[in-house]
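A.B. asks: Next up is a structure, given as structure tokens.
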Amino acid sequence: MPSVQNEVLYAMQPELAPTDAVPPARFGAKDVFDLSWKSLLDAYSCTECGRCTAACPANTTGKLLSPRKIMMSTRDRLEIVGKNINQNKSFVDDQKSLLHDYITVEELRACTTCNACVETCPVSISPLNIIIELRRSLIMEESNAPQEWNGTFSNIENNFAPWKFSPDDRDLWAAEA
């Protein structure tokens, strides 16, 4: 993500930061307004054949994830938003969002991002794009990550790598041999 890359670059080299820089409005997607037009078009283009769900290893092992349901939920939310806009001439907040109200955290965390759903789709739809954007919002906006991931995130922040070793000590293992 260019916005994240720029933030890291400016933290490391503040002299490169523009004086008129504006922070990004949002990371990831919480509702259909935050998704790309391609993801929204994919939701309407889905033929509901179910091949994506049949190919999904997470679904095969009994997890809650169904790529087909992700597309159908996105389409359902779009329909509700469209009716809201038609009725009120502009969107009036209905206290719902795609994330949490239509697609659960458990569904998003079950995805292994293996790309099987995309590969098997006969019309080249990508439920994975929606899943990744919703997960990005979960982690970067809500700080809602599984406990197991927090250690890795902390190590990346502090040590610039997923390991607990400081950058100065990383090559010490080679000297022991």
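A note on labels: chains of the structure tokens are A, B, ... as shown, every chain counts residues from 1, and ligands are counted from 1 in their shown order.
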I'd like the neighbourhood of region 44-58 of chain A as JSON, numbers by chain, where a residue qualifies if any of its atoms comes within 8 Å (using only C-alpha atoms), though same-chain residues fewer than 4 positions away should be ignored.
C.D. replies: {"A": [40, 62, 63, 64, 65, 66, 67, 68, 71, 75, 110, 111, 112, 116, 117, 118, 120, 121, 123, 125]}
A.B. asks: So that each row is one residue of region 77-142 of chain A with an atom at most 12 Å from region 149-156 of chain A, can you give its shortest atom pair and the distance in Å to one decimal, using only C-alpha atoms, rows by chain and rising number, as a tab-separated table?
C.D. replies:
residue	atom	partner	partner_atom	distance
A:Arg109	CA	A:Trp149	CA	11.5
A:Ile139	CA	A:Asn150	CA	10.2
A:Met140	CA	A:Phe153	CA	11.2
A.B. asks: Hey, what's within 8 Å of region 129-138 of chain A if we count only C-alpha atoms and toss same-chain stuff fewer than 6 positions away? As a PyMOL selection string, please?
C.D. replies: chain A and resi 26-30+35+39+70+99+108-109+111+144-145
A.B. asks: Quick one: everything within 8 Å of region 76-91 of chain A, counting only C-alpha atoms, minus sequence neighbours fewer than 2 positions away in the same chain. Send it as a ChimeraX atom specification.
C.D. replies: /A:32,40,72-74,93,97-98,102
A.B. asks: Record the distance separating CA of Pro18 (chain A) and CA of Asn158 (chain A), expressed in Å with one decimal.
C.D. replies: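 According to the coordinates, CA of Pro18 (chain A) and CA of Asn158 (chain A) are separated by 25.3 Å.
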A.B. asks: Write out as a ChimeraX atom specification which residues come within 12 Å of Arg170 (chain A) when counting only C-alpha atoms, dropping same-chain ones fewer than 5 positions away.
C.D. replies: /A:159-165,175-176
